[in-house]
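Enquirer: Input file: input_21.txt. Contents: compact mmCIF, C-alpha atoms.
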```
# COMPACT_ATOMS: atom_id res chain seq x y z
CA MET A 1 -4.27 7.56 17.78
CA LEU A 2 -4.99 5.42 14.72
CA THR A 3 -1.61 3.73 15.03
CA SER A 4 -2.53 2.17 18.38
CA ASN A 5 -5.48 0.40 16.68
CA SER A 6 -4.96 -3.21 15.66
CA LEU A 7 -4.68 -3.87 11.93
CA SER A 8 -8.18 -5.41 12.02
CA GLN A 9 -9.66 -2.39 13.83
CA PHE A 10 -7.93 0.00 11.42
CA LEU A 11 -9.36 -1.89 8.43
CA ASP A 12 -12.84 -1.82 10.02
CA GLU A 13 -12.54 1.94 10.66
CA LEU A 14 -11.41 2.46 7.09
CA ALA A 15 -14.31 0.47 5.60
CA SER A 16 -16.91 2.22 7.79
CA SER A 17 -19.25 5.03 6.65
CA SER A 18 -17.03 7.60 8.37
CA PRO A 19 -15.02 9.47 5.68
CA ALA A 20 -11.94 9.59 7.95
CA PRO A 21 -9.58 7.81 8.06
CA GLY A 22 -9.60 7.61 4.26
CA GLY A 23 -7.25 7.68 1.30
CA GLY A 24 -4.99 10.37 2.79
CA SER A 25 -4.18 8.37 5.92
CA VAL A 26 -3.80 5.24 3.78
CA ALA A 27 -1.22 7.01 1.62
CA ALA A 28 0.81 7.91 4.73
CA LEU A 29 0.49 4.34 6.04
CA ALA A 30 1.64 2.92 2.69
CA GLY A 31 4.66 5.23 2.91
CA ALA A 32 5.42 4.02 6.45
CA ILE A 33 5.11 0.39 5.28
CA GLY A 34 7.48 1.03 2.36
CA SER A 35 10.03 2.61 4.71
CA ALA A 36 9.67 -0.28 7.19
CA LEU A 37 10.43 -2.80 4.39
CA THR A 38 13.52 -0.81 3.41
CA SER A 39 14.63 -0.94 7.07
CA MET A 40 14.04 -4.71 7.10
CA VAL A 41 16.33 -5.22 4.10
CA CYS A 42 18.97 -3.06 5.87
CA ASN A 43 18.63 -5.17 9.04
CA LEU A 44 19.03 -8.36 6.98
CA THR A 45 22.20 -6.94 5.37
CA ILE A 46 23.93 -5.52 8.45
CA GLY A 47 26.45 -7.90 10.01
CA LYS A 48 26.53 -10.24 6.97
CA LYS A 49 30.08 -11.00 5.74
CA LYS A 50 28.93 -11.19 2.12
CA TYR A 51 27.93 -7.52 2.34
CA ALA A 52 31.02 -6.30 4.27
CA GLY A 53 31.74 -3.64 1.63
CA VAL A 54 28.42 -1.80 2.11
CA GLN A 55 27.98 -1.92 5.91
CA ASP A 56 28.51 1.82 6.50
CA GLU A 57 26.22 2.82 3.65
CA ILE A 58 23.46 0.43 4.75
CA GLN A 59 23.75 1.63 8.38
CA SER A 60 23.23 5.17 7.13
CA VAL A 61 20.26 4.09 4.96
CA LEU A 62 18.70 2.36 7.99
CA ALA A 63 18.96 5.49 10.15
CA GLN A 64 17.29 7.54 7.41
CA SER A 65 14.56 5.02 6.61
CA GLU A 66 13.69 4.66 10.32
CA LYS A 67 13.37 8.46 10.57
CA LEU A 68 11.14 8.53 7.48
CA ARG A 69 9.07 5.65 8.89
CA ARG A 70 8.45 7.64 12.09
CA ASP A 71 7.54 10.79 10.16
CA LEU A 72 5.22 8.96 7.76
CA THR A 73 3.59 7.11 10.66
CA GLU A 74 2.79 10.48 12.28
CA MET A 75 1.18 11.63 9.03
CA ILE A 76 -1.44 8.85 9.31
CA ASP A 77 -3.08 10.71 12.19
CA GLN A 78 -2.21 14.16 10.88
CA ASP A 79 -4.11 13.56 7.65
CA THR A 80 -7.24 12.43 9.50
CA GLU A 81 -6.95 15.46 11.84
CA ALA A 82 -6.58 17.82 8.86
CA PHE A 83 -9.67 16.29 7.24
CA ASN A 84 -11.67 16.63 10.47
CA SER A 85 -10.67 20.31 10.71
CA VAL A 86 -12.09 20.92 7.23
CA MET A 87 -15.35 19.24 8.27
CA ALA A 88 -15.43 21.32 11.49
CA ALA A 89 -14.96 24.53 9.47
CA PHE A 90 -17.86 23.55 7.18
CA GLY A 91 -19.96 23.07 10.33
CA MET A 92 -19.39 26.66 11.54
CA PRO A 93 -22.47 28.94 11.83
CA LYS A 94 -23.33 31.12 8.82
CA ASN A 95 -26.24 33.24 10.03
CA THR A 96 -24.65 36.70 9.88
CA GLU A 97 -22.34 38.19 7.27
CA GLU A 98 -19.52 38.19 9.81
CA GLU A 99 -20.08 34.50 10.58
CA GLN A 100 -20.07 33.73 6.86
CA LEU A 101 -16.74 35.52 6.39
CA GLN A 102 -15.21 33.73 9.36
CA ARG A 103 -16.50 30.38 8.11
CA THR A 104 -15.17 30.90 4.58
CA SER A 105 -11.78 31.91 5.91
CA ALA A 106 -11.67 28.91 8.29
CA ILE A 107 -12.56 26.54 5.41
CA GLN A 108 -9.79 28.00 3.24
CA GLU A 109 -7.25 27.72 6.04
CA ALA A 110 -8.19 24.15 6.97
CA THR A 111 -8.24 23.06 3.32
CA GLN A 112 -4.79 24.53 2.75
CA ARG A 113 -3.55 22.48 5.71
CA ALA A 114 -5.33 19.38 4.26
CA THR A 115 -3.30 20.01 1.09
CA LEU A 116 0.03 20.44 2.84
CA VAL A 117 -0.16 17.16 4.78
CA PRO A 118 -0.36 14.91 1.67
CA LEU A 119 2.18 17.15 -0.12
CA ASN A 120 4.54 16.44 2.77
CA VAL A 121 3.75 12.70 2.43
CA MET A 122 4.78 12.92 -1.24
CA GLU A 123 8.10 14.57 -0.30
CA LEU A 124 8.83 11.94 2.36
CA CYS A 125 8.00 9.13 -0.12
CA GLU A 126 10.43 10.56 -2.66
CA ARG A 127 13.21 10.48 -0.05
CA ALA A 128 12.18 6.98 1.03
CA LEU A 129 12.34 5.74 -2.57
CA ILE A 130 15.94 6.89 -2.91
CA LEU A 131 16.70 4.54 0.01
CA ALA A 132 14.61 1.66 -1.39
CA LYS A 133 16.67 1.90 -4.59
CA VAL A 134 19.94 1.66 -2.62
CA VAL A 135 18.82 -1.51 -0.80
CA ALA A 136 17.50 -3.05 -4.05
CA GLU A 137 20.97 -2.55 -5.55
CA LYS A 138 23.26 -3.23 -2.59
CA GLY A 139 21.20 -4.98 0.09
CA ASN A 140 20.76 -8.69 0.88
CA LYS A 141 19.83 -10.38 -2.43
CA ASN A 142 17.54 -12.86 -0.62
CA SER A 143 15.33 -9.89 0.26
CA VAL A 144 15.36 -8.17 -3.12
CA SER A 145 11.61 -8.80 -3.62
CA ASP A 146 11.01 -6.95 -0.32
CA ALA A 147 12.93 -3.95 -1.69
CA GLY A 148 10.66 -4.19 -4.75
CA VAL A 149 7.50 -4.23 -2.60
CA ALA A 150 8.91 -1.24 -0.68
CA ALA A 151 9.24 0.68 -3.98
CA LEU A 152 5.71 -0.32 -5.07
CA MET A 153 4.20 0.82 -1.76
CA LEU A 154 6.08 4.13 -1.84
CA GLN A 155 5.04 4.76 -5.44
CA ALA A 156 1.36 4.04 -4.60
CA ALA A 157 1.66 6.16 -1.44
CA CYS A 158 3.00 9.13 -3.41
CA ALA A 159 0.36 8.84 -6.14
CA GLY A 160 -2.39 8.41 -3.53
CA ALA A 161 -1.18 11.45 -1.60
CA GLY A 162 -1.17 13.33 -4.91
CA LEU A 163 -4.89 12.58 -5.43
CA ASN A 164 -5.54 14.00 -1.95
CA VAL A 165 -3.57 17.15 -2.71
CA ARG A 166 -5.52 17.66 -5.94
CA ILE A 167 -9.01 17.08 -4.51
CA ASN A 168 -8.28 19.72 -1.83
CA LEU A 169 -6.70 22.21 -4.25
CA VAL A 170 -10.00 22.38 -6.18
CA ALA A 171 -11.61 24.20 -3.22
CA LEU A 172 -8.78 26.74 -2.71
CA LYS A 173 -8.95 30.34 -3.91
CA ASP A 174 -5.32 31.41 -3.36
CA GLU A 175 -4.04 31.04 -6.92
CA VAL A 176 -0.39 31.53 -6.01
CA PHE A 177 -0.59 28.71 -3.46
CA VAL A 178 -2.50 26.47 -5.92
CA GLY A 179 -0.05 27.10 -8.78
CA GLY A 180 3.00 26.57 -6.59
CA THR A 181 1.60 23.36 -5.15
CA ILE A 182 0.77 21.91 -8.57
CA GLU A 183 4.31 22.72 -9.74
CA ARG A 184 5.88 21.09 -6.65
CA MET A 185 3.63 18.04 -7.04
CA LYS A 186 4.61 17.55 -10.68
CA VAL A 187 8.32 17.63 -9.85
CA ILE A 188 7.95 15.09 -7.02
CA SER A 189 5.68 12.78 -9.06
CA GLY A 190 8.11 12.76 -11.96
CA ARG A 191 11.07 11.87 -9.72
CA VAL A 192 9.07 9.22 -7.86
CA GLU A 193 7.92 7.48 -11.04
CA GLU A 194 11.52 7.48 -12.28
CA LEU A 195 12.96 6.15 -8.99
CA ALA A 196 10.27 3.45 -8.75
CA ALA A 197 10.92 2.30 -12.33
CA GLU A 198 14.69 2.20 -11.72
CA THR A 199 14.24 0.27 -8.46
CA LEU A 200 11.87 -2.27 -10.03
CA ALA A 201 14.27 -2.75 -12.95
CA LEU A 202 17.02 -3.61 -10.43
CA VAL A 203 14.67 -6.02 -8.61
CA ASN A 204 13.48 -7.67 -11.82
CA SER A 205 17.00 -8.27 -13.06
CA ALA A 206 18.04 -9.67 -9.67
CA ILE A 207 15.09 -12.12 -9.60
CA GLY A 208 15.92 -13.11 -13.18
CA MET B 1 -2.06 -13.34 14.46
CA LEU B 2 -0.42 -10.35 12.80
CA THR B 3 -3.80 -8.64 12.38
CA SER B 4 -4.26 -8.34 16.15
CA ASN B 5 -1.02 -6.32 16.36
CA SER B 6 -1.36 -2.55 16.49
CA LEU B 7 -0.29 -0.65 13.36
CA SER B 8 2.81 0.53 15.26
CA GLN B 9 3.70 -3.01 16.35
CA PHE B 10 3.16 -4.34 12.83
CA LEU B 11 5.46 -1.65 11.39
CA ASP B 12 8.10 -2.48 14.04
CA GLU B 13 7.83 -6.21 13.22
CA LEU B 14 8.14 -5.42 9.53
CA ALA B 15 11.24 -3.26 9.98
CA SER B 16 12.96 -5.81 12.22
CA SER B 17 15.72 -8.21 11.18
CA SER B 18 13.21 -11.08 10.99
CA PRO B 19 12.48 -11.80 7.30
CA ALA B 20 8.79 -12.48 8.08
CA PRO B 21 6.44 -10.67 7.91
CA GLY B 22 7.84 -9.22 4.69
CA GLY B 23 6.76 -8.15 1.23
CA GLY B 24 4.28 -11.01 0.80
CA SER B 25 2.25 -10.12 3.88
CA VAL B 26 2.48 -6.44 2.94
CA ALA B 27 1.00 -7.20 -0.49
CA ALA B 28 -1.96 -8.97 1.18
CA LEU B 29 -2.39 -6.06 3.61
CA ALA B 30 -2.32 -3.52 0.76
CA GLY B 31 -5.06 -5.58 -0.94
CA ALA B 32 -7.14 -5.57 2.26
CA ILE B 33 -6.66 -1.79 2.58
CA GLY B 34 -7.74 -1.28 -1.04
CA SER B 35 -10.87 -3.37 -0.47
CA ALA B 36 -11.63 -1.49 2.77
CA LEU B 37 -11.47 1.85 0.92
CA THR B 38 -13.84 0.51 -1.74
CA SER B 39 -16.21 -0.52 1.06
CA MET B 40 -15.95 2.98 2.57
CA VAL B 41 -16.99 4.62 -0.70
CA CYS B 42 -19.94 2.17 -0.86
CA ASN B 43 -20.94 3.07 2.72
CA LEU B 44 -20.77 6.79 1.85
CA THR B 45 -23.02 6.20 -1.19
CA ILE B 46 -25.65 3.95 0.38
CA GLY B 47 -28.73 5.84 1.62
CA LYS B 48 -27.85 9.05 -0.27
CA LYS B 49 -30.74 10.41 -2.41
CA LYS B 50 -28.34 11.72 -5.06
CA TYR B 51 -27.26 8.12 -5.72
CA ALA B 52 -30.75 6.55 -5.61
CA GLY B 53 -30.27 4.96 -9.04
CA VAL B 54 -27.26 2.85 -8.03
CA GLN B 55 -28.25 1.67 -4.53
CA ASP B 56 -28.71 -2.00 -5.45
CA GLU B 57 -25.47 -2.15 -7.42
CA ILE B 58 -23.47 -0.45 -4.65
CA GLN B 59 -25.00 -2.76 -2.01
CA SER B 60 -23.82 -5.71 -4.09
CA VAL B 61 -20.33 -4.17 -4.52
CA LEU B 62 -20.12 -3.67 -0.75
CA ALA B 63 -20.96 -7.31 0.00
CA GLN B 64 -18.26 -8.44 -2.46
CA SER B 65 -15.60 -5.97 -1.29
CA GLU B 66 -16.17 -6.93 2.35
CA LYS B 67 -15.74 -10.60 1.43
CA LEU B 68 -12.51 -9.78 -0.45
CA ARG B 69 -11.31 -7.69 2.48
CA ARG B 70 -11.78 -10.66 4.83
CA ASP B 71 -10.02 -13.05 2.42
CA LEU B 72 -7.10 -10.67 1.82
CA THR B 73 -6.77 -10.01 5.56
CA GLU B 74 -6.42 -13.77 6.11
CA MET B 75 -3.65 -13.88 3.51
CA ILE B 76 -1.51 -11.52 5.65
CA ASP B 77 -0.93 -14.35 8.13
CA GLN B 78 -1.02 -17.11 5.50
CA ASP B 79 1.89 -15.58 3.62
CA THR B 80 4.04 -15.35 6.75
CA GLU B 81 3.11 -18.95 7.66
CA ALA B 82 4.01 -20.15 4.15
CA PHE B 83 7.39 -18.38 4.39
CA ASN B 84 8.06 -19.90 7.81
CA SER B 85 7.29 -23.38 6.42
CA VAL B 86 9.92 -22.90 3.71
CA MET B 87 12.44 -21.88 6.38
CA ALA B 88 11.47 -24.92 8.51
CA ALA B 89 12.00 -27.24 5.51
CA PHE B 90 15.47 -25.73 4.92
CA GLY B 91 16.22 -26.48 8.59
CA MET B 92 15.48 -30.23 8.23
CA PRO B 93 18.38 -32.67 8.85
CA LYS B 94 20.43 -33.76 5.82
CA ASN B 95 22.83 -36.35 7.24
CA THR B 96 21.64 -39.44 5.36
CA GLU B 97 20.56 -39.83 1.73
CA GLU B 98 17.00 -40.48 2.90
CA GLU B 99 16.99 -37.32 5.02
CA GLN B 100 18.31 -35.35 2.06
CA LEU B 101 15.51 -36.65 -0.18
CA GLN B 102 12.87 -35.86 2.43
CA ARG B 103 14.31 -32.38 2.94
CA THR B 104 14.43 -31.58 -0.79
CA SER B 105 10.86 -32.77 -1.22
CA ALA B 106 9.68 -30.74 1.80
CA ILE B 107 11.41 -27.61 0.44
CA GLN B 108 9.73 -28.07 -2.96
CA GLU B 109 6.31 -28.58 -1.39
CA ALA B 110 6.61 -25.59 0.98
CA THR B 111 7.94 -23.35 -1.80
CA GLN B 112 5.04 -24.31 -4.07
CA ARG B 113 2.67 -23.28 -1.28
CA ALA B 114 4.64 -20.01 -0.82
CA THR B 115 3.98 -19.40 -4.54
CA LEU B 116 0.26 -20.16 -4.39
CA VAL B 117 -0.48 -17.75 -1.52
CA PRO B 118 0.69 -14.60 -3.40
CA LEU B 119 -0.85 -15.94 -6.64
CA ASN B 120 -4.15 -16.08 -4.76
CA VAL B 121 -3.54 -12.51 -3.52
CA MET B 122 -3.13 -11.43 -7.16
CA GLU B 123 -6.44 -13.07 -8.11
CA LEU B 124 -8.27 -11.44 -5.19
CA CYS B 125 -6.78 -8.02 -6.09
CA GLU B 126 -8.00 -8.36 -9.67
CA ARG B 127 -11.54 -8.98 -8.42
CA ALA B 128 -11.21 -6.11 -5.92
CA LEU B 129 -10.11 -3.72 -8.69
CA ILE B 130 -13.26 -4.45 -10.69
CA LEU B 131 -15.19 -3.16 -7.65
CA ALA B 132 -12.93 -0.12 -7.15
CA LYS B 133 -13.65 0.86 -10.75
CA VAL B 134 -17.41 0.63 -10.16
CA VAL B 135 -17.26 2.93 -7.12
CA ALA B 136 -14.95 5.38 -8.92
CA GLU B 137 -17.57 5.63 -11.68
CA LYS B 138 -20.83 5.43 -9.73
CA GLY B 139 -20.04 6.05 -6.05
CA ASN B 140 -20.15 9.25 -3.99
CA LYS B 141 -18.19 11.89 -5.94
CA ASN B 142 -16.88 13.45 -2.69
CA SER B 143 -14.97 10.22 -2.11
CA VAL B 144 -13.64 9.75 -5.62
CA SER B 145 -10.03 10.23 -4.48
CA ASP B 146 -10.55 7.37 -2.00
CA ALA B 147 -11.64 5.14 -4.91
CA GLY B 148 -8.43 6.22 -6.63
CA VAL B 149 -6.28 5.34 -3.61
CA ALA B 150 -8.10 1.98 -3.46
CA ALA B 151 -7.07 1.30 -7.07
CA LEU B 152 -3.45 2.37 -6.39
CA MET B 153 -3.21 0.10 -3.34
CA LEU B 154 -4.70 -2.88 -5.22
CA GLN B 155 -2.35 -2.31 -8.17
CA ALA B 156 0.69 -2.17 -5.84
CA ALA B 157 -0.61 -5.19 -3.92
CA CYS B 158 -0.92 -7.24 -7.11
CA ALA B 159 2.52 -6.24 -8.41
CA GLY B 160 4.07 -6.89 -4.98
CA ALA B 161 2.44 -10.31 -4.77
CA GLY B 162 3.79 -10.96 -8.29
CA LEU B 163 7.36 -10.33 -7.11
CA ASN B 164 6.78 -12.87 -4.33
CA VAL B 165 5.43 -15.45 -6.77
CA ARG B 166 8.47 -14.98 -9.02
CA ILE B 167 11.13 -15.14 -6.30
CA ASN B 168 9.65 -18.46 -5.13
CA LEU B 169 9.24 -19.88 -8.65
CA VAL B 170 13.01 -19.63 -9.17
CA ALA B 171 13.54 -22.45 -6.64
CA LEU B 172 10.90 -24.81 -8.08
CA LYS B 173 11.73 -27.81 -10.26
CA ASP B 174 8.24 -28.75 -11.47
CA GLU B 175 8.35 -27.12 -14.91
CA VAL B 176 4.66 -27.66 -15.64
CA PHE B 177 3.73 -25.87 -12.39
CA VAL B 178 6.24 -23.07 -13.08
CA GLY B 179 5.06 -22.56 -16.67
CA GLY B 180 1.38 -22.58 -15.71
CA THR B 181 1.94 -20.13 -12.86
CA ILE B 182 3.87 -17.67 -15.05
CA GLU B 183 1.09 -17.82 -17.63
CA ARG B 184 -1.62 -17.21 -14.99
CA MET B 185 0.42 -14.37 -13.48
CA LYS B 186 0.81 -12.62 -16.84
CA VAL B 187 -2.93 -12.74 -17.50
CA ILE B 188 -3.80 -11.31 -14.07
CA SER B 189 -1.08 -8.60 -14.22
CA GLY B 190 -2.28 -7.47 -17.64
CA ARG B 191 -5.90 -7.18 -16.47
CA VAL B 192 -4.92 -5.43 -13.24
CA GLU B 193 -2.80 -2.80 -15.00
CA GLU B 194 -5.68 -2.16 -17.40
CA LEU B 195 -8.30 -1.91 -14.63
CA ALA B 196 -6.08 0.37 -12.53
CA ALA B 197 -5.45 2.69 -15.49
CA GLU B 198 -9.18 2.83 -16.30
CA THR B 199 -10.09 3.53 -12.66
CA LEU B 200 -7.48 6.28 -12.32
CA ALA B 201 -8.66 7.87 -15.58
CA LEU B 202 -12.20 8.02 -14.11
CA VAL B 203 -10.84 9.50 -10.86
CA ASN B 204 -8.66 12.08 -12.65
CA SER B 205 -11.50 13.28 -14.84
CA ALA B 206 -13.81 13.53 -11.78
CA ILE B 207 -11.27 15.61 -9.84
CA GLY B 208 -10.77 17.78 -12.92
```
Please render this file's structure as structure tokens.
Expert:
Amino acid sequence: MLTSNSLSQFLDELASSSPAPGGGSVAALAGAIGSALTSMVCNLTIGKKKYAGVQDEIQSVLAQSEKLRRDLTEMIDQDTEAFNSVMAAFGMPKNTEEEQLQRTSAIQEATQRATLVPLNVMELCERALILAKVVAEKGNKNSVSDAGVAALMLQAACAGAGLNVRINLVALKDEVFVGGTIERMKVISGRVEELAAETLALVNSAIG
Amino acid sequence: MLTSNSLSQFLDELASSSPAPGGGSVAALAGAIGSALTSMVCNLTIGKKKYAGVQDEIQSVLAQSEKLRRDLTEMIDQDTEAFNSVMAAFGMPKNTEEEQLQRTSAIQEATQRATLVPLNVMELCERALILAKVVAEKGNKNSVSDAGVAALMLQAACAGAGLNVRINLVALKDEVFVGGTIERMKVISGRVEELAAETLALVNSAIG
């Protein structure tokens, strides 16, 4: 598992001539980092008298952001696995007509999966950004820049996952799937850009 | 060192109620990740016949992006150390007038350092983005989305480091230092936003 690698090892793996892990796993990691920062701001708010009025809400945000952190962390490996499946399908034999048909179908199936993983990352980032906005507004003011970095990481994660959805969609022949995915992606991207801008506006006004 | 932690441990540390590591270290890590992705695209371009015309340029980009990756990786720990020094200064005794003066001066000095670390991260990210743009334009087209994710991570890293500069500047009394830092920050942010937009335009037109 990539997540049991040290940060240094992960960075070395990333920089290497192996195409995986690549941008897809990085997008998931950036999402997990953004969720972890949101959790940190929750943990620095919980139990503080000054924030007595928001304890229940922040406890609920923490539970949700920890769940999203776990899910996004799992996507780091899932994206690399999905990419490797596409490569494996491309490596299938293509000597007979039957082999060619099987190979084409395996490539389509694996590529569809390689599209769904980053699409899922986008959805998780959208939910994580809703939480980052709450902590930017109501969390410990000493950590407001951390809430801002959380929003920036989630925004970059969502946009990066979007690039990975799009580069895989190019190879897909199922027009209904392609059209539906593009539509879904547009909706999420729009909401994420809006949430990120709102969160950063809150952070900027708090820093002054 | 934070970089010898596993990804999972680092995420746990980040989410915990300890304020460090926080957004500053995350910004440095995002910069290191962006540089690593640029290096990956270089490594997937080097030795490929199709890219024979750009081999020397990409070799030079790789050497620079690996240097920036090392420098940005070091900043992950440096930011946490700078934050801990500020906390240590706040913890100094303040019983006598002399102690109070020493404490105030130590806080100012440590906070200035906590400003310079993320300012340095911003500068390194600007240089790293110049390289991400080169690989988006001239690197292996199969990895163009990775060049895009590199740009997104470097853009988020720079903006995140900027929030950390600003939150520390608020506490500083040296107006010449504050004014000069804000000026420097504006110049870097402007260039980084421009470079990121140009890189993503190249990536979007390559994906089609």
Enquirer: Starting from the point (-10.0, 12.3, 1.6), work out which residues of protein, DNA or RNA have an atom no more than 7 Å away when counting only C-alpha atoms; state them as a list in words.
Expert: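 Residues with an atom close enough to that point: Gly22, Gly23, Gly24, Phe83 and Asn164 of chain A; Ser143, Ser145 and Asp146 of chain B.
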Enquirer: Please, which residues in chain A fall within 7 Å of chain B when counting all atoms listed in the file, and what is the closest atom pair and distance in Å to one decimal for each, ordered by chain then residue number, as CSV?
Expert:
```
residue,atom,partner,partner_atom,distance
A:Thr3,CA,B:Leu7,CA,4.9
A:Ser4,CA,B:Ser6,CA,5.2
A:Asn5,CA,B:Ser6,CA,5.1
A:Ser6,CA,B:Ser6,CA,3.8
A:Leu7,CA,B:Thr3,CA,4.9
A:Ser8,CA,B:Thr3,CA,5.5
A:Leu11,CA,B:Ala36,CA,6.1
A:Leu14,CA,B:Ala36,CA,5.9
A:Ala15,CA,B:Met40,CA,4.3
A:Ser16,CA,B:Met40,CA,5.4
A:Ser17,CA,B:Asn43,CA,4.7
A:Gly22,CA,B:Asp146,CA,6.3
A:Gly23,CA,B:Asp146,CA,4.7
A:Ile33,CA,B:Leu11,CA,6.5
A:Ala36,CA,B:Ala15,CA,4.4
A:Leu37,CA,B:Ala15,CA,5.7
A:Ser39,CA,B:Ala15,CA,5.0
A:Met40,CA,B:Ala15,CA,4.3
A:Asn43,CA,B:Ser17,CA,4.7
A:Leu44,CA,B:Ser17,CA,5.3
A:Ser145,CA,B:Leu163,CA,5.7
A:Asp146,CA,B:Gly23,CA,4.7
A:Val149,CA,B:Gly160,CA,5.0
A:Leu152,CA,B:Ala156,CA,5.4
A:Met153,CA,B:Ala156,CA,6.2
A:Ala156,CA,B:Leu152,CA,5.4
A:Gly160,CA,B:Val149,CA,5.0
A:Leu163,CA,B:Ser145,CA,5.7
A:Asn164,CA,B:Ser145,CA,6.4
A:Ile167,CA,B:Ile207,CA,6.0
A:Ile207,CA,B:Ile167,CA,6.0
```
Enquirer: Quick one: residues within 6 Å of Ala28 in chain B, all atoms listed in the file counted, chain neighbours fewer than 5 positions away excluded, as number ranges by chain?
Expert: B: 72, 75-76
Enquirer: Go ahead and save the picked residues with C-alpha atoms, as an mmCIF file, keeping the file's coordinate frame.
Expert:
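Once written, part.cif looks like this:
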```
data_model
loop_
_atom_site.group_PDB
_atom_site.id
_atom_site.type_symbol
_atom_site.label_atom_id
_atom_site.label_comp_id
_atom_site.auth_asym_id
_atom_site.auth_seq_id
_atom_site.Cartn_x
_atom_site.Cartn_y
_atom_site.Cartn_z
ATOM 1 C CA LEU B 72 -7.100 -10.670 1.820
ATOM 2 C CA MET B 75 -3.650 -13.880 3.510
ATOM 3 C CA ILE B 76 -1.510 -11.520 5.650
#
```
Enquirer: Which value, in Å to one decimal, gives the distance between CA of Leu119 in chain A and CA of Ala201 in chain B?
Expert: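 Distance reported for this atom pair: 21.0 Å.
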Enquirer: Applying 7 Å and all atoms listed in the file, which residues near Arg103 in chain B remain after dropping the ones on its own chain fewer than 4 positions away? List them as a compact mmCIF listing (two decimals) with C-alpha atoms, in the coordinates of the input.
Expert:
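Final file, part.txt:
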```txt
# COMPACT_ATOMS: atom_id res chain seq x y z
CA ALA B 89 12.00 -27.24 5.51
CA MET B 92 15.48 -30.23 8.23
CA LYS B 94 20.43 -33.76 5.82
CA GLU B 99 16.99 -37.32 5.02
CA ILE B 107 11.41 -27.61 0.44
```
Enquirer: Rounded to one decimal place, report the CA of Leu129 in chain A-CA of Thr199 in chain B distance in Å.
Expert: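 Result for CA of Leu129 in chain A versus CA of Thr199 in chain B: 24.7 Å, one decimal.
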Enquirer: Rounded to one decimal place, report the CA of Asp174 in chain A-CA of Leu101 in chain A distance in Å.
Expert: 15.6 Å
